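Listing of start-v6.cif; format and content: mmCIF, C-alpha atoms.
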data_final
loop_
_atom_site.label_atom_id
_atom_site.label_comp_id
_atom_site.auth_asym_id
_atom_site.auth_seq_id
_atom_site.Cartn_x
_atom_site.Cartn_y
_atom_site.Cartn_z
CA MET A 1 -41.72 -35.10 66.14
CA THR A 2 -38.70 -36.70 64.54
CA GLY A 3 -34.99 -36.32 65.21
CA ILE A 4 -32.30 -35.25 62.73
CA GLU A 5 -28.83 -36.49 63.66
CA TYR A 6 -25.53 -37.10 61.85
CA ASP A 7 -26.41 -40.77 61.32
CA ASP A 8 -29.33 -39.65 59.16
CA PHE A 9 -26.88 -38.33 56.56
CA ILE A 10 -25.06 -41.57 55.78
CA ASP A 11 -26.39 -44.68 54.06
CA LEU A 12 -23.81 -46.88 52.35
CA GLY A 13 -26.55 -48.85 50.61
CA TYR A 14 -28.20 -45.78 49.10
CA GLU A 15 -28.54 -45.46 45.32
CA PRO A 16 -28.90 -41.83 44.16
CA ASP A 17 -31.81 -40.84 41.95
CA GLU A 18 -30.96 -39.57 38.48
CA ASP A 19 -32.11 -36.06 39.42
CA GLU A 20 -29.74 -35.77 42.40
CA LEU A 21 -26.46 -33.87 42.31
CA VAL A 22 -23.60 -36.21 43.19
CA CYS A 23 -20.41 -34.62 44.55
CA ARG A 24 -17.17 -36.47 45.11
CA PHE A 25 -14.90 -35.29 47.90
CA ARG A 26 -11.39 -36.12 49.09
CA PHE A 27 -10.92 -35.58 52.81
CA GLU A 28 -8.77 -36.23 55.84
CA PRO A 29 -10.79 -36.76 59.03
CA ALA A 30 -9.72 -34.85 62.12
CA GLU A 31 -7.85 -36.78 64.80
CA GLY A 32 -10.16 -39.24 66.52
CA MET A 33 -12.83 -38.95 63.80
CA SER A 34 -13.67 -41.95 61.62
CA ALA A 35 -14.14 -41.57 57.87
CA GLU A 36 -17.83 -42.41 58.25
CA ALA A 37 -18.34 -39.83 61.00
CA ALA A 38 -16.55 -37.16 58.98
CA ALA A 39 -18.50 -37.94 55.80
CA SER A 40 -21.81 -37.74 57.66
CA ARG A 41 -20.86 -34.30 58.94
CA ILE A 42 -19.90 -33.13 55.44
CA ALA A 43 -23.30 -34.26 54.15
CA SER A 44 -25.11 -32.72 57.11
CA GLU A 45 -23.43 -29.30 57.05
CA SER A 46 -23.75 -28.98 53.27
CA SER A 47 -27.49 -29.67 53.30
CA ASN A 48 -29.88 -29.22 56.25
CA GLY A 49 -28.15 -30.56 59.36
CA THR A 50 -26.30 -28.98 62.23
CA TRP A 51 -24.10 -30.06 65.14
CA ALA A 52 -27.01 -30.56 67.57
CA ALA A 53 -29.76 -33.17 67.16
CA LEU A 54 -32.96 -31.48 66.01
CA GLN A 55 -36.59 -32.25 66.81
CA VAL A 56 -38.73 -31.39 63.79
CA ASP A 57 -42.36 -31.94 62.84
CA PRO A 58 -42.11 -34.10 59.69
CA ASP A 59 -45.24 -32.46 58.28
CA GLU A 60 -43.41 -29.13 58.21
CA LEU A 61 -40.16 -30.33 56.65
CA THR A 62 -39.23 -30.91 53.01
CA HIS A 63 -36.71 -33.72 52.64
CA LEU A 64 -33.47 -31.88 51.89
CA GLY A 65 -30.86 -34.01 53.61
CA ALA A 66 -27.80 -35.06 51.60
CA VAL A 67 -26.66 -38.68 51.81
CA ALA A 68 -23.09 -39.93 51.97
CA PHE A 69 -23.52 -43.19 50.09
CA GLU A 70 -20.00 -44.23 49.15
CA ILE A 71 -16.82 -44.08 51.24
CA GLU A 72 -13.54 -45.52 50.03
CA GLY A 73 -10.45 -44.60 51.98
CA SER A 74 -10.15 -40.82 51.89
CA GLU A 75 -12.87 -40.34 49.28
CA ALA A 76 -16.63 -39.97 49.69
CA ALA A 77 -19.56 -39.51 47.33
CA ILE A 78 -22.54 -37.50 48.54
CA ALA A 79 -25.94 -37.18 46.85
CA TYR A 80 -27.99 -33.98 47.15
CA PRO A 81 -31.75 -33.77 46.44
CA PRO A 82 -32.60 -31.21 43.73
CA ALA A 83 -35.07 -29.40 45.96
CA LEU A 84 -32.12 -28.22 48.06
CA PHE A 85 -31.05 -25.86 45.28
CA GLU A 86 -32.44 -22.66 43.83
CA SER A 87 -32.77 -23.08 40.08
CA GLY A 88 -30.15 -21.16 38.12
CA SER A 89 -28.28 -19.81 41.16
CA MET A 90 -24.65 -20.89 41.11
CA PRO A 91 -23.80 -18.92 44.29
CA GLN A 92 -26.50 -20.78 46.24
CA ILE A 93 -25.34 -24.16 44.95
CA LEU A 94 -21.74 -23.43 45.90
CA SER A 95 -22.79 -22.19 49.33
CA CYS A 96 -23.99 -25.75 49.87
CA ILE A 97 -21.40 -27.98 48.26
CA ALA A 98 -18.31 -25.77 48.77
CA GLY A 99 -19.33 -23.54 51.67
CA ASN A 100 -18.98 -24.01 55.44
CA ILE A 101 -17.80 -27.58 54.99
CA LEU A 102 -14.34 -26.42 53.89
CA GLY A 103 -13.77 -24.96 57.37
CA MET A 104 -15.24 -27.74 59.53
CA LYS A 105 -13.21 -29.05 62.48
CA ALA A 106 -14.41 -32.55 61.64
CA VAL A 107 -11.95 -32.64 58.74
CA ASP A 108 -8.34 -31.53 58.58
CA THR A 109 -8.61 -31.11 54.81
CA LEU A 110 -11.47 -31.33 52.31
CA ARG A 111 -11.49 -31.02 48.54
CA LEU A 112 -14.42 -31.02 46.11
CA GLU A 113 -13.02 -33.16 43.29
CA ASP A 114 -15.89 -33.71 40.87
CA CYS A 115 -19.61 -33.24 40.33
CA GLU A 116 -22.16 -35.21 38.35
CA TRP A 117 -24.70 -32.61 37.26
CA PRO A 118 -28.27 -33.88 36.72
CA ALA A 119 -30.65 -32.45 34.17
CA SER A 120 -32.74 -31.07 37.03
CA ILE A 121 -29.94 -28.59 37.79
CA VAL A 122 -28.41 -28.12 34.33
CA GLU A 123 -31.71 -26.99 32.84
CA GLY A 124 -31.60 -23.92 35.08
CA PHE A 125 -28.45 -22.62 33.39
CA PRO A 126 -27.91 -21.29 29.86
CA GLY A 127 -24.49 -22.76 29.07
CA PRO A 128 -22.33 -21.26 26.31
CA GLN A 129 -23.76 -19.46 23.30
CA TYR A 130 -21.03 -20.54 20.87
CA GLY A 131 -18.31 -22.71 22.40
CA PRO A 132 -16.08 -24.29 19.72
CA ALA A 133 -18.23 -22.73 16.98
CA VAL A 134 -16.39 -19.42 17.43
CA ALA A 135 -13.59 -20.92 15.30
CA THR A 136 -15.80 -20.70 12.22
CA GLU A 137 -18.69 -18.39 13.18
CA LYS A 138 -16.50 -15.50 14.31
CA LEU A 139 -13.04 -16.43 12.98
CA ASP A 140 -11.43 -18.27 10.07
CA ALA A 141 -9.83 -21.08 12.05
CA GLY A 142 -11.67 -24.13 10.76
CA GLY A 143 -9.58 -27.30 10.86
CA ARG A 144 -6.91 -25.93 13.19
CA PRO A 145 -6.61 -24.47 16.69
CA VAL A 146 -7.52 -20.85 17.21
CA LEU A 147 -4.39 -18.79 17.94
CA ALA A 148 -4.29 -16.01 20.53
CA THR A 149 -1.76 -13.72 22.15
CA VAL A 150 -1.44 -11.19 24.96
CA PRO A 151 0.85 -8.19 24.34
CA LYS A 152 3.81 -8.27 26.70
CA PRO A 153 4.49 -6.78 29.13
CA LYS A 154 0.88 -7.41 30.01
CA VAL A 155 0.50 -4.08 31.82
CA GLY A 156 2.42 -0.87 31.26
CA LEU A 157 2.12 -0.54 27.48
CA SER A 158 0.45 2.60 26.22
CA THR A 159 -2.65 2.20 24.08
CA ALA A 160 -0.65 2.94 20.95
CA ALA A 161 1.99 0.36 21.83
CA HIS A 162 -0.66 -2.21 22.73
CA VAL A 163 -2.36 -1.73 19.36
CA ARG A 164 0.94 -1.85 17.48
CA VAL A 165 1.84 -5.20 19.08
CA GLY A 166 -1.63 -6.49 18.25
CA GLU A 167 -1.30 -5.49 14.62
CA ASP A 168 2.02 -7.30 14.31
CA ALA A 169 0.56 -10.44 15.88
CA TRP A 170 -2.62 -10.41 13.80
CA ARG A 171 -0.64 -9.85 10.61
CA GLY A 172 1.64 -12.76 11.50
CA GLY A 173 -1.28 -15.20 11.65
CA VAL A 174 -2.76 -14.91 15.15
CA ASP A 175 -6.57 -14.87 15.29
CA LEU A 176 -7.20 -13.23 18.64
CA LEU A 177 -5.61 -10.34 20.49
CA LYS A 178 -6.28 -10.67 24.22
CA ASP A 179 -5.99 -8.46 27.28
CA ASP A 180 -4.44 -10.13 30.28
CA GLU A 181 -6.15 -10.57 33.62
CA ASN A 182 -4.97 -7.34 35.26
CA LEU A 183 -5.44 -4.95 32.34
CA THR A 184 -8.82 -3.25 32.61
CA ASP A 185 -9.15 0.58 32.70
CA GLN A 186 -5.89 2.07 33.97
CA GLU A 187 -4.59 5.53 33.10
CA PHE A 188 -1.69 4.24 31.01
CA ASN A 189 -4.09 2.31 28.73
CA PRO A 190 -7.74 3.38 29.20
CA PHE A 191 -10.47 0.89 28.35
CA GLU A 192 -12.32 3.13 25.88
CA ASP A 193 -9.20 4.12 23.95
CA ARG A 194 -7.89 0.57 23.84
CA LEU A 195 -11.24 -0.80 22.68
CA THR A 196 -11.83 1.62 19.83
CA GLU A 197 -8.26 1.72 18.56
CA SER A 198 -7.81 -2.06 18.77
CA LEU A 199 -11.02 -2.72 16.87
CA ALA A 200 -10.02 -0.24 14.20
CA ALA A 201 -6.70 -2.05 13.85
CA ARG A 202 -8.55 -5.38 13.76
CA ASP A 203 -10.56 -4.20 10.79
CA ARG A 204 -7.49 -2.94 8.94
CA ILE A 205 -5.64 -6.22 9.41
CA ALA A 206 -8.68 -8.31 8.49
CA GLU A 207 -9.03 -6.39 5.23
CA SER A 208 -5.35 -6.72 4.35
CA THR A 209 -5.00 -10.42 5.28
CA GLY A 210 -8.42 -11.67 4.23
CA GLU A 211 -8.88 -13.38 7.62
CA ARG A 212 -11.35 -12.42 10.31
CA LYS A 213 -9.68 -11.30 13.52
CA GLY A 214 -10.99 -10.81 17.06
CA TYR A 215 -10.17 -8.88 20.22
CA LEU A 216 -10.75 -10.30 23.70
CA VAL A 217 -11.15 -7.07 25.65
CA ASN A 218 -11.18 -7.41 29.44
CA VAL A 219 -14.45 -6.03 30.83
CA THR A 220 -13.85 -7.23 34.40
CA ALA A 221 -15.05 -4.69 36.98
CA GLU A 222 -17.80 -4.08 39.52
CA THR A 223 -20.86 -5.74 37.99
CA THR A 224 -22.72 -2.61 36.89
CA ALA A 225 -19.57 -1.20 35.29
CA MET A 226 -18.97 -4.54 33.66
CA LEU A 227 -22.38 -4.49 32.00
CA GLU A 228 -21.73 -0.96 30.75
CA ARG A 229 -18.46 -2.19 29.22
CA VAL A 230 -20.20 -5.13 27.58
CA ASP A 231 -22.67 -2.72 26.00
CA ARG A 232 -19.83 -0.53 24.83
CA VAL A 233 -18.02 -3.47 23.22
CA ALA A 234 -21.16 -4.30 21.26
CA GLU A 235 -21.64 -0.67 20.19
CA ALA A 236 -18.04 -0.52 18.97
CA GLY A 237 -18.44 -3.64 16.84
CA GLY A 238 -16.66 -6.16 19.07
CA GLU A 239 -17.62 -9.83 19.09
CA PHE A 240 -15.88 -11.02 22.27
CA VAL A 241 -15.43 -9.98 25.88
CA MET A 242 -13.06 -11.37 28.46
CA VAL A 243 -14.03 -11.87 32.10
CA ASP A 244 -11.89 -12.85 35.10
CA VAL A 245 -14.58 -15.28 36.16
CA ILE A 246 -13.29 -16.26 39.59
CA THR A 247 -12.22 -12.87 40.88
CA CYS A 248 -15.47 -11.21 39.77
CA GLY A 249 -17.65 -14.08 41.02
CA TRP A 250 -20.08 -16.52 39.46
CA ALA A 251 -23.13 -14.33 40.05
CA ALA A 252 -21.49 -11.60 37.98
CA VAL A 253 -20.64 -14.14 35.27
CA GLN A 254 -24.28 -15.18 35.08
CA THR A 255 -25.33 -11.54 34.78
CA VAL A 256 -22.77 -10.85 32.05
CA ARG A 257 -23.85 -13.99 30.18
CA ARG A 258 -27.41 -12.67 29.92
CA ARG A 259 -26.18 -9.31 28.64
CA CYS A 260 -23.82 -10.92 26.14
CA GLU A 261 -26.65 -12.97 24.69
CA ARG A 262 -28.51 -9.74 23.98
CA HIS A 263 -25.56 -8.59 21.86
CA GLY A 264 -24.34 -11.91 20.45
CA LEU A 265 -20.96 -11.61 22.21
CA ALA A 266 -18.85 -14.63 23.11
CA ILE A 267 -17.27 -14.84 26.58
CA HIS A 268 -13.60 -15.65 27.07
CA ALA A 269 -13.05 -16.83 30.67
CA HIS A 270 -9.74 -16.10 32.35
CA ARG A 271 -9.24 -18.24 35.45
CA ALA A 272 -7.07 -15.85 37.51
CA MET A 273 -7.16 -16.90 41.19
CA HIS A 274 -8.09 -20.49 40.39
CA ALA A 275 -4.98 -21.78 42.17
CA ALA A 276 -6.27 -20.38 45.46
CA PHE A 277 -8.87 -23.16 45.20
CA ASP A 278 -7.23 -25.95 43.22
CA ARG A 279 -3.45 -25.90 43.66
CA LEU A 280 -3.40 -27.95 46.86
CA PRO A 281 -4.29 -31.54 45.94
CA HIS A 282 -5.88 -32.21 49.34
CA HIS A 283 -8.00 -29.10 49.97
CA GLY A 284 -10.24 -26.67 48.11
CA VAL A 285 -12.09 -27.08 44.82
CA SER A 286 -10.58 -28.79 41.77
CA MET A 287 -10.08 -27.06 38.44
CA ARG A 288 -12.35 -29.73 36.99
CA VAL A 289 -15.24 -28.45 39.09
CA LEU A 290 -14.40 -24.80 38.38
CA ALA A 291 -14.51 -25.58 34.65
CA GLN A 292 -17.86 -27.33 35.08
CA ILE A 293 -19.27 -24.29 36.86
CA ALA A 294 -17.98 -22.02 34.11
CA ARG A 295 -19.71 -24.11 31.46
CA LEU A 296 -23.04 -24.02 33.27
CA CYS A 297 -22.77 -20.26 33.79
CA GLY A 298 -22.22 -19.82 30.06
CA VAL A 299 -18.63 -19.01 29.08
CA ASP A 300 -17.49 -19.94 25.58
CA HIS A 301 -13.77 -20.49 26.22
CA ILE A 302 -11.83 -21.09 29.43
CA HIS A 303 -8.16 -21.61 30.27
CA THR A 304 -7.55 -25.19 31.42
CA GLY A 305 -3.77 -25.58 31.34
CA THR A 306 -1.10 -27.00 29.08
CA ALA A 307 -0.75 -30.61 30.26
CA GLY A 308 2.63 -29.79 31.78
CA LEU A 309 4.06 -28.16 28.64
CA GLY A 310 3.84 -24.58 29.93
CA LYS A 311 5.03 -22.63 32.96
CA LEU A 312 2.11 -23.18 35.36
CA GLU A 313 1.00 -26.01 37.62
CA ASN A 314 -1.73 -28.10 36.00
CA GLU A 315 -4.29 -30.65 37.03
CA ASP A 316 -5.76 -33.18 34.61
CA THR A 317 -6.00 -30.90 31.59
CA PRO A 318 -6.93 -33.67 29.12
CA GLY A 319 -9.68 -34.90 31.45
CA ILE A 320 -11.06 -31.41 32.02
CA ASN A 321 -11.06 -30.69 28.30
CA ALA A 322 -12.84 -33.98 27.62
CA TRP A 323 -15.59 -33.03 30.09
CA LEU A 324 -15.98 -29.60 28.49
CA ALA A 325 -16.50 -31.30 25.11
CA ALA A 326 -18.75 -34.11 26.34
CA ASP A 327 -22.53 -34.12 26.34
CA CYS A 328 -24.08 -32.48 29.39
CA HIS A 329 -27.82 -32.84 28.91
CA GLY A 330 -27.59 -31.08 25.54
CA MET A 331 -25.60 -28.08 26.76
CA THR A 332 -23.18 -26.46 24.27
CA PRO A 333 -19.51 -27.46 24.81
CA VAL A 334 -16.76 -25.05 25.86
CA LEU A 335 -13.60 -24.43 23.83
CA PRO A 336 -10.57 -24.95 26.12
CA VAL A 337 -7.60 -22.58 26.10
CA ALA A 338 -4.02 -23.77 26.50
CA SER A 339 -1.88 -20.92 27.82
CA GLY A 340 1.04 -20.03 30.05
CA GLY A 341 4.61 -20.50 28.82
CA LEU A 342 3.84 -21.93 25.40
CA HIS A 343 6.12 -21.43 22.39
CA PRO A 344 6.41 -22.99 18.91
CA GLY A 345 8.75 -25.75 20.05
CA VAL A 346 6.12 -27.44 22.23
CA VAL A 347 3.15 -27.09 19.87
CA ASP A 348 3.48 -30.56 18.35
CA ARG A 349 3.33 -32.30 21.74
CA LEU A 350 0.57 -29.97 22.92
CA LEU A 351 -1.72 -30.86 20.02
CA GLU A 352 -0.83 -34.54 20.27
CA THR A 353 -1.92 -34.45 23.91
CA LEU A 354 -4.94 -32.14 23.74
CA GLY A 355 -6.14 -32.34 20.14
CA THR A 356 -6.84 -29.49 17.78
CA GLU A 357 -10.20 -28.22 19.05
CA LEU A 358 -8.76 -25.59 21.38
CA ILE A 359 -7.26 -22.12 21.58
CA VAL A 360 -3.47 -22.01 21.70
CA GLN A 361 -2.36 -18.81 23.40
CA ALA A 362 1.27 -17.68 23.50
CA GLY A 363 2.59 -14.45 24.98
CA GLY A 364 6.32 -14.54 25.57
CA GLY A 365 6.49 -17.38 23.05
CA ILE A 366 5.52 -14.86 20.37
CA HIS A 367 6.81 -11.50 21.58
CA GLY A 368 10.09 -12.93 22.84
CA HIS A 369 11.08 -14.09 19.36
CA PRO A 370 14.51 -12.63 18.46
CA ASP A 371 13.04 -11.00 15.35
CA GLY A 372 10.00 -9.51 17.08
CA THR A 373 6.28 -10.07 17.38
CA HIS A 374 5.45 -10.45 13.71
CA ALA A 375 8.06 -13.18 13.26
CA GLY A 376 6.96 -14.82 16.51
CA ALA A 377 3.36 -14.98 15.34
CA ARG A 378 4.44 -16.45 12.00
CA ALA A 379 6.49 -19.07 13.83
CA LEU A 380 3.55 -20.11 16.02
CA ARG A 381 1.18 -20.29 13.04
CA ALA A 382 3.71 -22.39 11.11
CA ALA A 383 4.21 -24.75 14.05
CA VAL A 384 0.47 -25.26 14.47
CA GLU A 385 -0.19 -25.80 10.78
CA ALA A 386 2.72 -28.25 10.51
CA SER A 387 1.45 -30.23 13.49
CA VAL A 388 -2.09 -30.36 12.09
CA ASP A 389 -0.67 -31.56 8.75
CA GLY A 390 1.48 -34.24 10.42
CA VAL A 391 4.76 -32.55 9.45
CA SER A 392 7.55 -32.37 12.02
CA LEU A 393 8.52 -28.94 13.31
CA GLU A 394 12.10 -29.53 12.21
CA ARG A 395 11.01 -30.36 8.67
CA ARG A 396 8.76 -27.30 8.50
CA ALA A 397 11.56 -25.10 9.86
CA GLU A 398 13.77 -26.01 6.92
CA ASP A 399 11.84 -23.60 4.73
CA HIS A 400 10.39 -21.28 7.39
CA GLU A 401 13.01 -18.99 8.93
CA PRO A 402 10.89 -17.55 11.80
CA LEU A 403 10.11 -21.09 13.01
CA ALA A 404 13.76 -22.11 12.66
CA VAL A 405 14.82 -19.13 14.78
CA ALA A 406 12.17 -19.94 17.42
CA LEU A 407 13.30 -23.56 17.65
CA GLU A 408 16.92 -22.48 17.94
CA LYS A 409 16.02 -20.08 20.78
CA TRP A 410 13.62 -22.24 22.82
CA GLY A 411 14.08 -25.79 21.61
CA SER A 412 11.33 -28.11 22.77
CA GLU A 413 11.52 -27.59 26.53
CA ALA A 414 8.76 -26.13 28.70
CA PRO A 415 9.83 -22.99 30.63
CA ARG A 416 10.11 -22.91 34.40
#
Could you render the structure from this file as structure tokens?
Amino acid sequence: MTGIEYDDFIDLGYEPDEDELVCRFRFEPAEGMSAEAAASRIASESSNGTWAALQVDPDELTHLGAVAFEIEGSEAAIAYPPALFESGSMPQILSCIAGNILGMKAVDTLRLEDCEWPASIVEGFPGPQYGPAVATEKLDAGGRPVLATVPKPKVGLSTAAHVRVGEDAWRGGVDLLKDDENLTDQEFNPFEDRLTESLAARDRIAESTGERKGYLVNVTAETTAMLERVDRVAEAGGEFVMVDVITCGWAAVQTVRRRCERHGLAIHAHRAMHAAFDRLPHHGVSMRVLAQIARLCGVDHIHTGTAGLGKLENEDTPGINAWLAADCHGMTPVLPVASGGLHPGVVDRLLETLGTELIVQAGGGIHGHPDGTHAGARALRAAVEASVDGVSLERRAEDHEPLAVALEKWGSEAPR
């Protein structure tokens, strides 16, 4: 027999194998607990340990213990053997690395900051179907950011009003009409009516403008209903679906990803509820890790923030976007979405900070234009094209009235 104790889960001289998952945590030990003791408990509880010393026959035990191998101040790195995880099951992985440990008494706070995903885990997941390629495979946005908008107010509009706003935005130069996170299948704007009428309007506008347009219809629901909605989008001629990936859960996202591949649909990931995990800098799960999970599960675009130029709190948006674009054992990249309080006056700084391979989404920054949605969409398109061409917004506004009006109304300040 052999014993399993907390000390078995820490080895500061350990060098992880290339097939191990390495997770980096920030933590505050409980009163009277050393950093080393706390880190060993994090590693134990998130793998195969418990609070009491165990006596186990080594011939009957697969080595599944995690190892805390690096501790610096309030940060620790822990390596997990690949055999600990079920291939292709994001819920099981998260039950280990972001499960009971977040409620342990051994730590006052604990935050999963980053993960280094080995090929042994990544190969179990499909990743995105399209990623940045949607700009040219499904839209006509090559060489510039994709532009998107949500009709405002985001709930309460009738189907007819929703479609009318979408038509004005598409005609003004926006590529994508998008439902917001809490618009699904309510009586004032039923899913089926909104889907069919919006796609009909999409086709009319595409024919008149000569540009392909898309509609990000929100299929979020109980999983079976969500699959039925995905099927219906495909039958109606849609090319995108939107999913509230955190509120519906990662298992549902994986299921939807498989169904979307059957139909060739791209997945737009809304991150509603993310701040419940990532807003506190000392506890929870970082947006960086949430974005990593989304990529593995197979979304094509995901909201990652505005680098401080919008209305919402943000983490390291440039760093998250860089990870989504970087190589991950051959997995397709994800196209990031900048959204939340954007308007034409901040577009130049946004693209300077985040680059042009992204989706720029504006709601109030389009529909709040003094001359209406169509003018607001034209102003956003002009601001983006000027920034891509290296022309100042002020210079472009000299011969573009909608942009001039937008700059006069909002200036270059981020809303609060």
Selected by the PyMOL selection byres ((chain A and resi 393) around 9) in the shown coordinates: which residues, as a VMD selection string? chain A and resid 344 to 345 347 to 348 382 to 384 386 to 387 391 to 392 394 to 398 403 to 404 407
- For the file shown, what are the residues hit by the PyMOL selection byres ((chain A and resi 173-178) around 7), laid out as a count of residues only? 20
Excluding A:Met90 and any residue of its chain fewer than 3 positions from it, enumerate the residues within 12 Å of it, using only C-alpha atoms, and give them as a CSV table (one decimal) with C-alpha atoms, in the coordinates of the input.
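Written out: selection-v4.csv:
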chain,number,residue,atom,x,y,z
A,85,PHE,CA,-31.0,-25.9,45.3
A,86,GLU,CA,-32.4,-22.7,43.8
A,87,SER,CA,-32.8,-23.1,40.1
A,93,ILE,CA,-25.3,-24.2,45.0
A,94,LEU,CA,-21.7,-23.4,45.9
A,95,SER,CA,-22.8,-22.2,49.3
A,96,CYS,CA,-24.0,-25.8,49.9
A,97,ILE,CA,-21.4,-28.0,48.3
A,98,ALA,CA,-18.3,-25.8,48.8
A,121,ILE,CA,-29.9,-28.6,37.8
A,122,VAL,CA,-28.4,-28.1,34.3
A,124,GLY,CA,-31.6,-23.9,35.1
A,125,PHE,CA,-28.4,-22.6,33.4
A,126,PRO,CA,-27.9,-21.3,29.9
A,249,GLY,CA,-17.6,-14.1,41.0
A,250,TRP,CA,-20.1,-16.5,39.5
A,251,ALA,CA,-23.1,-14.3,40.0
A,252,ALA,CA,-21.5,-11.6,38.0
A,253,VAL,CA,-20.6,-14.1,35.3
A,254,GLN,CA,-24.3,-15.2,35.1
A,255,THR,CA,-25.3,-11.5,34.8
A,290,LEU,CA,-14.4,-24.8,38.4
A,292,GLN,CA,-17.9,-27.3,35.1
A,293,ILE,CA,-19.3,-24.3,36.9
A,294,ALA,CA,-18.0,-22.0,34.1
A,295,ARG,CA,-19.7,-24.1,31.5
A,296,LEU,CA,-23.0,-24.0,33.3
A,297,CYS,CA,-22.8,-20.3,33.8
A,298,GLY,CA,-22.2,-19.8,30.1
Test item: the PyMOL selection byres ((chain A and resi 73) around 10) resolved as a PyMOL selection string:
chain A and resi 26-28+35-36+70-72+74-76
Next item on the list: Compile the contact shell of A:Glu137 as number ranges by chain: residues with an atom at most 12 Å away, counting all atoms listed in the file, same-chain residues fewer than 5 positions apart removed.
Entry: A: 129-132, 142, 212-214, 239, 264-266
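The closest residue to A:Arg279, picked from A:His263, A:Lys105, A:Arg232, A:Arg111 and counting all atoms listed in the file, is A:Arg111.
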Using the file's own x, y and z axes, so that the box edges lie along x, y and z, what centre and edge lengths in Å (one decimal) does a box around every listed atom of stretch 146-156 of chain A get when 6 Å is added on each side? Give it as lines of an AutoDock Vina configuration file.
center_x = -1.5
center_y = -10.9
center_z = 24.5
size_x = 24.0
size_y = 32.0
size_z = 26.6
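Residue nearest A:Leu139 within the list A:Phe240, A:Tyr80, A:Phe191, A:Phe69: A:Phe240 [criterion: smallest interatomic distance, all atoms listed in the file].
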Do you know which residues are at most 8 Å from A:Arg194 counting all atoms listed in the file, after dropping those on the same chain fewer than 3 positions away, and could you put them as a CSV table (one decimal) with C-alpha atoms, in the frame of the given file?
chain,number,residue,atom,x,y,z
A,159,THR,CA,-2.6,2.2,24.1
A,162,HIS,CA,-0.7,-2.2,22.7
A,163,VAL,CA,-2.4,-1.7,19.4
A,189,ASN,CA,-4.1,2.3,28.7
A,190,PRO,CA,-7.7,3.4,29.2
A,191,PHE,CA,-10.5,0.9,28.4
A,197,GLU,CA,-8.3,1.7,18.6
A,198,SER,CA,-7.8,-2.1,18.8
Students should find that atom CA of A:Ala135 and atom CA of A:Asp114 are spaced 28.7 Å
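Coordinates place atom CA of A:Val243 at a distance of 23.6 Å from atom CA of A:Cys115.
Remark: for A:Ser44, the closest of the candidate residues A:Met287, A:Ala325, A:Ala68, A:Cys23 is A:Ala68 (distances computed over all atoms listed in the file).
Counting from atom CA of A:His274, the distance to atom CA of A:Ser286 is 8.8 Å.
Distance annotation: of A:Pro415, A:Gly319, A:Arg262, A:Gly363, the residue with the minimal separation from A:Val165 is A:Gly363; atom set is only C-alpha atoms.
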Restricting to all atoms listed in the file, whichever of A:Arg41, A:His374, A:Lys152, A:Arg144 is closest to A:Leu102 is A:Arg41
Starting from the incomplete input, reconstruct N, CA and C atoms of stretch 141-151 of chain A and report them as a PDB file, keeping the file's coordinate frame.
ATOM      1  N   ALA A 141     -10.759 -20.101  11.488  1.00  0.00           N
ATOM      2  CA  ALA A 141      -9.830 -21.080  12.050  1.00  0.00           C
ATOM      3  C   ALA A 141     -10.366 -22.503  11.942  1.00  0.00           C
ATOM      4  N   GLY A 142     -11.160 -22.772  10.939  1.00  0.00           N
ATOM      5  CA  GLY A 142     -11.670 -24.130  10.760  1.00  0.00           C
ATOM      6  C   GLY A 142     -10.548 -25.108  10.460  1.00  0.00           C
ATOM      7  N   GLY A 143     -10.565 -26.257  11.129  1.00  0.00           N
ATOM      8  CA  GLY A 143      -9.580 -27.300  10.860  1.00  0.00           C
ATOM      9  C   GLY A 143      -8.269 -27.158  11.611  1.00  0.00           C
ATOM     10  N   ARG A 144      -8.128 -26.113  12.396  1.00  0.00           N
ATOM     11  CA  ARG A 144      -6.910 -25.930  13.190  1.00  0.00           C
ATOM     12  C   ARG A 144      -7.269 -25.222  14.493  1.00  0.00           C
ATOM     13  N   PRO A 145      -6.357 -25.240  15.467  1.00  0.00           N
ATOM     14  CA  PRO A 145      -6.610 -24.470  16.690  1.00  0.00           C
ATOM     15  C   PRO A 145      -6.700 -22.975  16.417  1.00  0.00           C
ATOM     16  N   VAL A 146      -7.500 -22.310  17.200  1.00  0.00           N
ATOM     17  CA  VAL A 146      -7.520 -20.850  17.210  1.00  0.00           C
ATOM     18  C   VAL A 146      -6.237 -20.375  17.889  1.00  0.00           C
ATOM     19  N   LEU A 147      -5.629 -19.317  17.367  1.00  0.00           N
ATOM     20  CA  LEU A 147      -4.390 -18.790  17.940  1.00  0.00           C
ATOM     21  C   LEU A 147      -4.652 -17.432  18.590  1.00  0.00           C
ATOM     22  N   ALA A 148      -4.088 -17.253  19.785  1.00  0.00           N
ATOM     23  CA  ALA A 148      -4.290 -16.010  20.530  1.00  0.00           C
ATOM     24  C   ALA A 148      -2.989 -15.551  21.148  1.00  0.00           C
ATOM     25  N   THR A 149      -2.940 -14.258  21.471  1.00  0.00           N
ATOM     26  CA  THR A 149      -1.760 -13.720  22.150  1.00  0.00           C
ATOM     27  C   THR A 149      -2.141 -12.550  23.026  1.00  0.00           C
ATOM     28  N   VAL A 150      -1.337 -12.347  24.084  1.00  0.00           N
ATOM     29  CA  VAL A 150      -1.440 -11.190  24.960  1.00  0.00           C
ATOM     30  C   VAL A 150      -0.193 -10.338  24.753  1.00  0.00           C
ATOM     31  N   PRO A 151      -0.346  -9.041  24.427  1.00  0.00           N
ATOM     32  CA  PRO A 151       0.850  -8.190  24.340  1.00  0.00           C
ATOM     33  C   PRO A 151       1.646  -8.223  25.638  1.00  0.00           C
TER      34      PRO A 151
END
